[in-house]
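The data block below is structure26.cif; it holds mmCIF, C-alpha atoms (C1' of nucleotides).
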```
data_structure
#
loop_
_atom_site.group_PDB
_atom_site.id
_atom_site.type_symbol
_atom_site.label_atom_id
_atom_site.label_comp_id
_atom_site.auth_asym_id
_atom_site.auth_seq_id
_atom_site.Cartn_x
_atom_site.Cartn_y
_atom_site.Cartn_z
ATOM 1 C CA MET A 181 0.000 0.000 0.000
ATOM 2 C CA MET A 182 1.561 3.290 -1.161
ATOM 3 C CA GLN A 183 1.818 5.838 1.664
ATOM 4 C CA GLU A 184 0.305 9.191 0.810
ATOM 5 C CA SER A 185 3.042 11.817 1.073
ATOM 6 C CA ALA A 186 2.968 14.209 4.021
ATOM 7 C CA ALA A 187 2.724 17.151 1.617
ATOM 8 C CA ALA A 188 -0.272 15.589 -0.127
ATOM 9 C CA ARG A 189 -1.946 15.040 3.253
ATOM 10 C CA LEU A 190 -1.435 18.697 4.170
ATOM 11 C CA ARG A 191 -2.938 19.711 0.824
ATOM 12 C CA VAL A 192 -6.005 17.564 1.562
ATOM 13 C CA MET A 193 -6.302 19.171 5.006
ATOM 14 C CA TYR A 194 -6.191 22.598 3.386
ATOM 15 C CA THR A 195 -8.972 21.715 0.943
ATOM 16 C CA SER A 196 -11.045 20.280 3.757
ATOM 17 C CA LEU A 197 -10.602 23.361 5.946
ATOM 18 C CA VAL A 198 -11.554 25.708 3.121
ATOM 19 C CA GLU A 199 -14.771 23.728 2.695
ATOM 20 C CA THR A 200 -15.405 23.871 6.445
ATOM 21 C CA TYR A 201 -14.667 27.532 7.082
ATOM 22 C CA GLY A 202 -15.018 29.087 3.644
ATOM 23 C CA PRO A 203 -13.041 32.049 2.276
ATOM 24 C CA GLN A 204 -11.760 34.099 5.210
ATOM 25 C CA GLN A 205 -10.664 37.258 3.411
ATOM 26 C CA TRP A 206 -7.683 37.625 5.686
ATOM 27 C CA TRP A 207 -5.922 39.513 7.222
ATOM 28 C CA PRO A 208 -8.610 41.334 9.285
ATOM 29 C CA ALA A 209 -7.475 44.881 8.519
ATOM 30 C CA LYS A 210 -8.550 47.783 6.332
ATOM 31 C CA THR A 211 -5.113 48.846 5.123
ATOM 32 C CA PRO A 212 -1.651 47.315 4.650
ATOM 33 C CA LEU A 213 -0.303 49.475 7.454
ATOM 34 C CA GLU A 214 -2.969 48.111 9.771
ATOM 35 C CA VAL A 215 -1.714 44.630 8.868
ATOM 36 C CA VAL A 216 1.811 45.620 9.856
ATOM 37 C CA VAL A 217 0.763 47.109 13.188
ATOM 38 C CA GLY A 218 -1.502 44.133 13.886
ATOM 39 C CA ALA A 219 1.345 41.743 13.109
ATOM 40 C CA TYR A 220 3.488 43.370 15.793
ATOM 41 C CA LEU A 221 0.689 43.630 18.328
ATOM 42 C CA THR A 222 -0.566 40.056 18.017
ATOM 43 C CA GLN A 223 2.764 38.563 19.054
ATOM 44 C CA SER A 224 1.820 36.123 21.804
ATOM 45 C CA THR A 225 -1.373 38.107 22.322
ATOM 46 C CA ALA A 226 -5.089 37.402 21.843
ATOM 47 C CA TRP A 227 -6.557 39.127 18.790
ATOM 48 C CA THR A 228 -9.402 40.640 20.832
ATOM 49 C CA SER A 229 -6.751 42.572 22.753
ATOM 50 C CA VAL A 230 -5.123 43.680 19.504
ATOM 51 C CA GLU A 231 -8.462 45.017 18.264
ATOM 52 C CA ARG A 232 -8.718 47.319 21.257
ATOM 53 C CA SER A 233 -5.277 48.724 20.581
ATOM 54 C CA LEU A 234 -6.064 49.275 16.905
ATOM 55 C CA ARG A 235 -9.327 50.947 17.904
ATOM 56 C CA ASN A 236 -7.416 53.268 20.240
ATOM 57 C CA LEU A 237 -5.023 54.274 17.472
ATOM 58 C CA GLU A 238 -7.872 54.757 15.018
ATOM 59 C CA GLU A 239 -9.813 56.973 17.381
ATOM 60 C CA HIS A 240 -6.790 59.231 17.741
ATOM 61 C CA ASP A 241 -6.140 59.245 13.979
ATOM 62 C CA LEU A 242 -2.818 57.531 14.518
ATOM 63 C CA LEU A 243 -3.382 54.406 12.433
ATOM 64 C CA SER A 244 -1.442 55.722 9.464
ATOM 65 C CA ILE A 245 2.202 56.067 8.573
ATOM 66 C CA ASP A 246 2.132 59.778 9.270
ATOM 67 C CA GLY A 247 0.160 59.258 12.474
ATOM 68 C CA LEU A 248 2.709 56.800 13.798
ATOM 69 C CA ARG A 249 5.509 59.074 12.648
ATOM 70 C CA ARG A 250 4.079 61.971 14.632
ATOM 71 C CA VAL A 251 2.999 60.192 17.857
ATOM 72 C CA SER A 252 5.504 60.010 20.688
ATOM 73 C CA GLU A 253 6.725 56.600 21.696
ATOM 74 C CA GLU A 254 5.361 57.184 25.181
ATOM 75 C CA ALA A 255 1.876 57.971 23.869
ATOM 76 C CA LEU A 256 2.064 55.010 21.535
ATOM 77 C CA ARG A 257 2.674 52.773 24.547
ATOM 78 C CA THR A 258 -0.483 53.841 26.256
ATOM 79 C CA HIS A 259 -2.571 53.279 23.136
ATOM 80 C CA ILE A 260 -1.283 49.764 22.555
ATOM 81 C CA ARG A 261 -1.363 48.874 26.223
ATOM 82 C CA PRO A 262 -4.180 46.290 25.899
ATOM 83 C CA SER A 263 -1.918 44.144 23.716
ATOM 84 C CA GLY A 264 0.809 43.765 26.333
ATOM 85 C CA TYR A 265 4.596 44.077 25.993
ATOM 86 C CA MET A 266 3.892 47.737 25.336
ATOM 87 C CA ILE A 267 7.459 49.017 25.820
ATOM 88 C CA ARG A 268 8.960 46.588 23.328
ATOM 89 C CA LYS A 269 6.125 46.781 20.843
ATOM 90 C CA ALA A 270 5.973 50.588 20.804
ATOM 91 C CA ALA A 271 9.727 50.760 20.157
ATOM 92 C CA ALA A 272 9.462 48.121 17.454
ATOM 93 C CA ILE A 273 6.615 49.883 15.629
ATOM 94 C CA LYS A 274 8.506 53.169 15.787
ATOM 95 C CA ALA A 275 11.579 51.402 14.403
ATOM 96 C CA PHE A 276 9.530 50.076 11.495
ATOM 97 C CA ILE A 277 8.337 53.557 10.552
ATOM 98 C CA ALA A 278 11.910 54.862 10.745
ATOM 99 C CA PHE A 279 13.022 51.951 8.552
ATOM 100 C CA LEU A 280 10.311 52.773 6.026
ATOM 101 C CA ASP A 281 11.273 56.456 6.014
ATOM 102 C CA GLU A 282 14.972 55.799 5.689
ATOM 103 C CA HIS A 283 14.912 53.251 2.881
ATOM 104 C CA TYR A 284 11.530 53.493 1.135
ATOM 105 C CA GLU A 285 10.498 57.124 1.316
ATOM 106 C CA GLY A 286 7.909 56.143 3.885
ATOM 107 C CA SER A 287 6.070 54.049 1.313
ATOM 108 C CA LEU A 288 4.836 50.500 1.830
ATOM 109 C CA GLU A 289 4.371 50.245 -1.942
ATOM 110 C CA LYS A 290 8.073 50.806 -2.467
ATOM 111 C CA LEU A 291 8.844 48.145 0.103
ATOM 112 C CA ALA A 292 6.398 45.805 -1.617
ATOM 113 C CA ALA A 293 8.106 46.399 -4.956
ATOM 114 C CA GLU A 294 11.321 44.914 -3.629
ATOM 115 C CA PRO A 295 11.888 41.151 -4.013
ATOM 116 C CA SER A 296 11.283 39.255 -0.777
ATOM 117 C CA ALA A 297 14.781 37.764 -1.075
ATOM 118 C CA ILE A 298 15.941 41.283 -0.236
ATOM 119 C CA SER A 299 13.130 42.571 1.974
ATOM 120 C CA ARG A 300 12.748 39.498 4.196
ATOM 121 C CA PRO A 301 16.291 39.673 5.621
ATOM 122 C CA ARG A 302 15.862 43.406 6.044
ATOM 123 C CA LEU A 303 12.659 42.910 8.005
ATOM 124 C CA LEU A 304 14.280 40.205 10.121
ATOM 125 C CA ALA A 305 17.069 42.613 11.028
ATOM 126 C CA LEU A 306 14.535 44.943 12.660
ATOM 127 C CA SER A 307 14.088 44.741 16.409
ATOM 128 C CA GLY A 308 10.882 42.931 17.301
ATOM 129 C CA VAL A 309 10.587 41.183 13.939
ATOM 130 C CA GLY A 310 11.104 37.437 13.895
ATOM 131 C CA PRO A 311 10.277 34.997 11.094
ATOM 132 C CA GLU A 312 6.526 34.888 11.698
ATOM 133 C CA THR A 313 6.079 38.650 11.859
ATOM 134 C CA ALA A 314 8.252 39.118 8.780
ATOM 135 C CA ASP A 315 6.288 36.563 6.791
ATOM 136 C CA ALA A 316 2.935 37.914 7.951
ATOM 137 C CA ILE A 317 3.966 41.363 6.731
ATOM 138 C CA LEU A 318 5.287 39.988 3.445
ATOM 139 C CA LEU A 319 2.157 37.975 2.762
ATOM 140 C CA TYR A 320 -0.699 40.070 4.122
ATOM 141 C CA ALA A 321 0.653 43.612 3.792
ATOM 142 C CA LEU A 322 2.927 43.283 0.766
ATOM 143 C CA GLY A 323 1.184 40.532 -1.209
ATOM 144 C CA GLN A 324 4.233 38.306 -1.546
ATOM 145 C CA PRO A 325 4.121 34.484 -1.365
ATOM 146 C CA ALA A 326 5.579 33.867 2.101
ATOM 147 C CA MET A 327 4.144 30.985 4.115
ATOM 148 C CA VAL A 328 3.354 32.080 7.666
ATOM 149 C CA VAL A 329 4.241 29.494 10.309
ATOM 150 C CA ASP A 330 2.477 30.158 13.574
ATOM 151 C CA GLU A 331 2.082 28.083 16.722
ATOM 152 C CA TYR A 332 -1.161 26.565 15.424
ATOM 153 C CA LEU A 333 0.405 25.323 12.209
ATOM 154 C CA ARG A 334 3.303 23.933 14.197
ATOM 155 C CA ARG A 335 0.900 22.002 16.403
ATOM 156 C CA VAL A 336 -1.121 20.695 13.468
ATOM 157 C CA VAL A 337 1.823 19.381 11.451
ATOM 158 C CA THR A 338 3.663 17.890 14.457
ATOM 159 C CA ARG A 339 0.587 16.285 16.024
ATOM 160 C CA HIS A 340 -0.376 14.730 12.710
ATOM 161 C CA GLY A 341 3.138 13.413 12.279
ATOM 162 C CA LEU A 342 3.808 15.397 9.088
ATOM 163 C CA VAL A 343 7.131 16.762 10.365
ATOM 164 C CA PRO A 344 9.519 15.714 13.163
ATOM 165 C CA PRO A 345 8.344 16.718 16.680
ATOM 166 C CA MET A 346 11.116 19.306 17.085
ATOM 167 C CA ALA A 347 10.905 20.786 13.574
ATOM 168 C CA LYS A 348 12.026 24.403 13.387
ATOM 169 C CA TYR A 349 10.407 27.381 11.674
ATOM 170 C CA ASP A 350 12.191 27.129 8.318
ATOM 171 C CA GLU A 351 11.669 23.395 8.136
ATOM 172 C CA ILE A 352 7.916 23.690 8.704
ATOM 173 C CA GLN A 353 7.767 26.583 6.242
ATOM 174 C CA ASP A 354 9.538 24.615 3.516
ATOM 175 C CA PHE A 355 7.257 21.665 4.136
ATOM 176 C CA ALA A 356 4.038 23.702 4.100
ATOM 177 C CA GLU A 357 5.092 25.501 0.926
ATOM 178 C CA SER A 358 5.857 22.156 -0.702
ATOM 179 C CA ALA A 359 2.177 21.255 -0.354
ATOM 180 C CA PHE A 360 1.441 23.891 -3.027
ATOM 181 C CA LYS A 361 4.250 23.092 -5.459
ATOM 182 C CA GLY A 362 2.965 22.529 -8.947
ATOM 183 C CA ASP A 363 -0.390 24.028 -8.072
ATOM 184 C CA HIS A 364 -1.525 26.194 -10.964
ATOM 185 C CA SER A 365 -4.952 27.150 -9.642
ATOM 186 C CA GLY A 366 -4.676 30.783 -8.591
ATOM 187 C CA SER A 367 -1.619 32.544 -7.186
ATOM 188 C CA LEU A 368 0.656 31.101 -4.513
ATOM 189 C CA ALA A 369 0.139 34.156 -2.355
ATOM 190 C CA GLN A 370 -3.625 33.604 -2.450
ATOM 191 C CA HIS A 371 -3.218 29.987 -1.367
ATOM 192 C CA TYR A 372 -0.792 30.874 1.433
ATOM 193 C CA ASN A 373 -3.129 33.628 2.524
ATOM 194 C CA GLU A 374 -6.143 31.340 2.761
ATOM 195 C CA PHE A 375 -4.120 28.485 4.205
ATOM 196 C CA HIS A 376 -2.847 30.436 7.189
ATOM 197 C CA ALA A 377 -6.304 31.947 7.690
ATOM 198 C CA VAL A 378 -8.043 28.578 8.001
ATOM 199 C CA ILE A 379 -5.214 27.150 10.112
ATOM 200 C CA VAL A 380 -5.781 29.949 12.628
ATOM 201 C CA GLN A 381 -9.533 29.287 12.561
ATOM 202 C CA VAL A 382 -9.141 25.585 13.303
ATOM 203 C CA GLY A 383 -6.274 26.254 15.696
ATOM 204 C CA LYS A 384 -8.205 28.670 17.876
ATOM 205 C CA ARG A 385 -10.942 26.090 18.368
ATOM 206 C CA HIS A 386 -9.104 22.785 18.480
ATOM 207 C CA CYS A 387 -5.345 23.215 18.937
ATOM 208 C CA GLY A 388 -4.720 24.471 22.458
ATOM 209 C CA ARG A 389 -1.661 23.554 24.524
ATOM 210 C CA SER A 390 -3.482 20.369 25.354
ATOM 211 C CA ALA A 391 -4.979 18.949 22.178
ATOM 212 C CA LYS A 392 -8.750 18.837 21.963
ATOM 213 C CA CYS A 393 -9.136 16.757 18.828
ATOM 214 C CA GLU A 394 -12.735 15.735 19.371
ATOM 215 C CA SER A 395 -14.923 17.415 16.748
ATOM 216 C CA CYS A 396 -11.870 18.841 15.007
ATOM 217 C CA PRO A 397 -12.496 18.915 11.233
ATOM 218 C CA LEU A 398 -8.992 17.504 10.735
ATOM 219 C CA ALA A 399 -9.599 14.471 12.961
ATOM 220 C CA PHE A 400 -10.019 12.265 9.880
ATOM 221 C CA ASP A 401 -6.308 12.607 9.220
ATOM 222 C CA LEU A 402 -5.302 11.333 12.647
ATOM 223 C CA ALA A 403 -6.093 7.838 11.373
ATOM 224 C CA HIS A 404 -2.841 8.105 9.448
ATOM 225 C CA VAL A 405 -1.005 8.473 12.736
ATOM 226 C CA HIS A 406 -2.904 5.858 14.727
ATOM 227 C CA ASN A 407 -2.659 3.303 11.917
ATOM 228 C CA GLN A 408 1.105 3.446 11.773
ATOM 229 C CA PRO A 409 2.514 -0.054 12.316
ATOM 230 C CA ALA A 410 4.504 -0.394 15.537
ATOM 231 C CA ALA A 411 8.137 0.460 14.946
ATOM 232 C "C1'" DC B 272 -8.050 32.221 40.138
ATOM 233 C "C1'" DG B 273 -4.852 30.196 37.058
ATOM 234 C "C1'" DC B 274 -3.817 29.420 32.453
ATOM 235 C "C1'" DC B 275 -3.051 31.190 28.091
ATOM 236 C "C1'" DA B 276 -2.728 34.206 23.726
ATOM 237 C "C1'" DG B 277 -1.844 34.383 15.620
ATOM 238 C "C1'" DG B 278 6.528 35.740 19.317
ATOM 239 C "C1'" DC B 279 10.827 37.709 20.025
ATOM 240 C "C1'" DC B 280 15.136 38.709 22.474
ATOM 241 C "C1'" DG B 281 19.066 38.305 25.634
ATOM 242 C "C1'" DT B 282 21.648 35.177 28.208
ATOM 243 C "C1'" DG B 283 23.734 30.950 29.661
ATOM 244 C "C1'" DT B 284 25.069 26.348 28.406
ATOM 245 C "C1'" DA C 241 23.604 25.957 17.845
ATOM 246 C "C1'" DC C 242 20.034 25.193 21.368
ATOM 247 C "C1'" DA C 243 17.150 25.771 25.729
ATOM 248 C "C1'" DC C 244 15.167 28.913 28.839
ATOM 249 C "C1'" DG C 245 13.172 32.870 31.240
ATOM 250 C "C1'" DG C 246 11.381 37.513 30.716
ATOM 251 C "C1'" DC C 247 8.400 40.581 28.598
ATOM 252 C "C1'" DA C 248 2.617 43.008 30.068
ATOM 253 C "C1'" DT C 249 -2.019 42.791 29.661
ATOM 254 C "C1'" DG C 250 -6.649 41.042 29.375
ATOM 255 C "C1'" DG C 251 -10.001 37.037 28.149
ATOM 256 C "C1'" DC C 252 -12.031 33.077 29.588
#
```
How would this structure read if it were set down as structure tokens?
Amino acid sequence: MMQESAAARLRVMYTSLVETYGPQQWWPAKTPLEVVVGAYLTQSTAWTSVERSLRNLEEHDLLSIDGLRRVSEEALRTHIRPSGYMIRKAAAIKAFIAFLDEHYEGSLEKLAAEPSAISRPRLLALSGVGPETADAILLYALGQPAMVVDEYLRRVVTRHGLVPPMAKYDEIQDFAESAFKGDHSGSLAQHYNEFHAVIVQVGKRHCGRSAKCESCPLAFDLAHVHNQPAA
DNA sequence: CGCCAGGCCGTGT
DNA sequence: ACACGGCATGGC
């Protein structure tokens, strides 16, 4: 009996999740800049808390490049307070605006025009930007095909035995991207966009620290794990 | 009340 | 190259 490849199984899970949850139209933001700010704020933080921070900035007309340029770092802290880590996050957001001003004339479009092979390392060099934040910005704010690997995706692919238990970010990213190789239906960025969106949806409901796999729409795939012959 | 959230960084091994 | 604790606040 030919074993279905791990990449093919992930592709089936993706199709199944899209049928379950439908098009998500991610990222939940009105503008690319709002995506960037949200990407910083949601680091290890519940999205409901991020929404309050974004609301605060919006109410003070600060949710724009010029708004963030003009606000003091101290004031920025108080506005993003609900999202936690306010000292670090305020400094990081300020650093991003300075980065944009220094290298891209304060324009996200100019940043987006640069190949991700150049922009990704530059983003990673910024304080407060790790691989997930960089890829979220690349994909959801700049429209580039970067697979976002969050904690939920890590749990899904390790618990289903698709990657080694201790797989690192780049390894999971390469694997997840491989599930879309040779796919000519729509753009890669669109698939990555929808993929991460449905992974977060299923993750929020079924992939806590302690797995709650009952009623998870991906439970069908666990048979692959349980049916493995004893080593 | 205790656990946890759509990570990242500095430090010690 | 890793593992580990700290970072801050609010939801459930």
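Within 6 Å of chain A, counting only C-alpha atoms (C1' of nucleotides), chain C contributes DC247, DA248 and DT249 of chain C.
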Output the contact residues of chain A with respect to chain B at a cut-off of 10 Å, based on all atoms listed in the file, as a PyMOL selection string. chain A and resi 218-229+263+268+307-313+316+328-333+376-377+379-381+383-384+388-389
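You will find CA of Glu238 in chain A at 19.4 Å from CA of Gly286 in chain A.
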So which residues get picked by the PyMOL selection byres ((chain A and resi 398-402) around 12) here, written as a ChimeraX atom specification? /A:184,186,188-200,336-342,378-379,381-383,385-387,391-397,403-408
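Distance-wise, CA of His240 in chain A and CA of Glu282 in chain A end up 25.1 Å apart.
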Where is the centre and how long are the edges: axis-aligned box on range 389-403 of chain A, 6 Å on each side, Å to one decimal, as AutoDock Vina command-line options:
```
--center_x -8.3 --center_y 15.7 --center_z 17.3 --size_x 25.3 --size_y 27.7 --size_z 28.1
```
Chain and number of each residue from the PyMOL selection byres ((chain A and resi 369) around 12), as a PyMOL selection string: chain A and resi 206+315-316+318-328+357+360+363-368+370-376
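Note that the spacing between CA of Ser296 in chain A and CA of Ala347 in chain A amounts to 23.4 Å.
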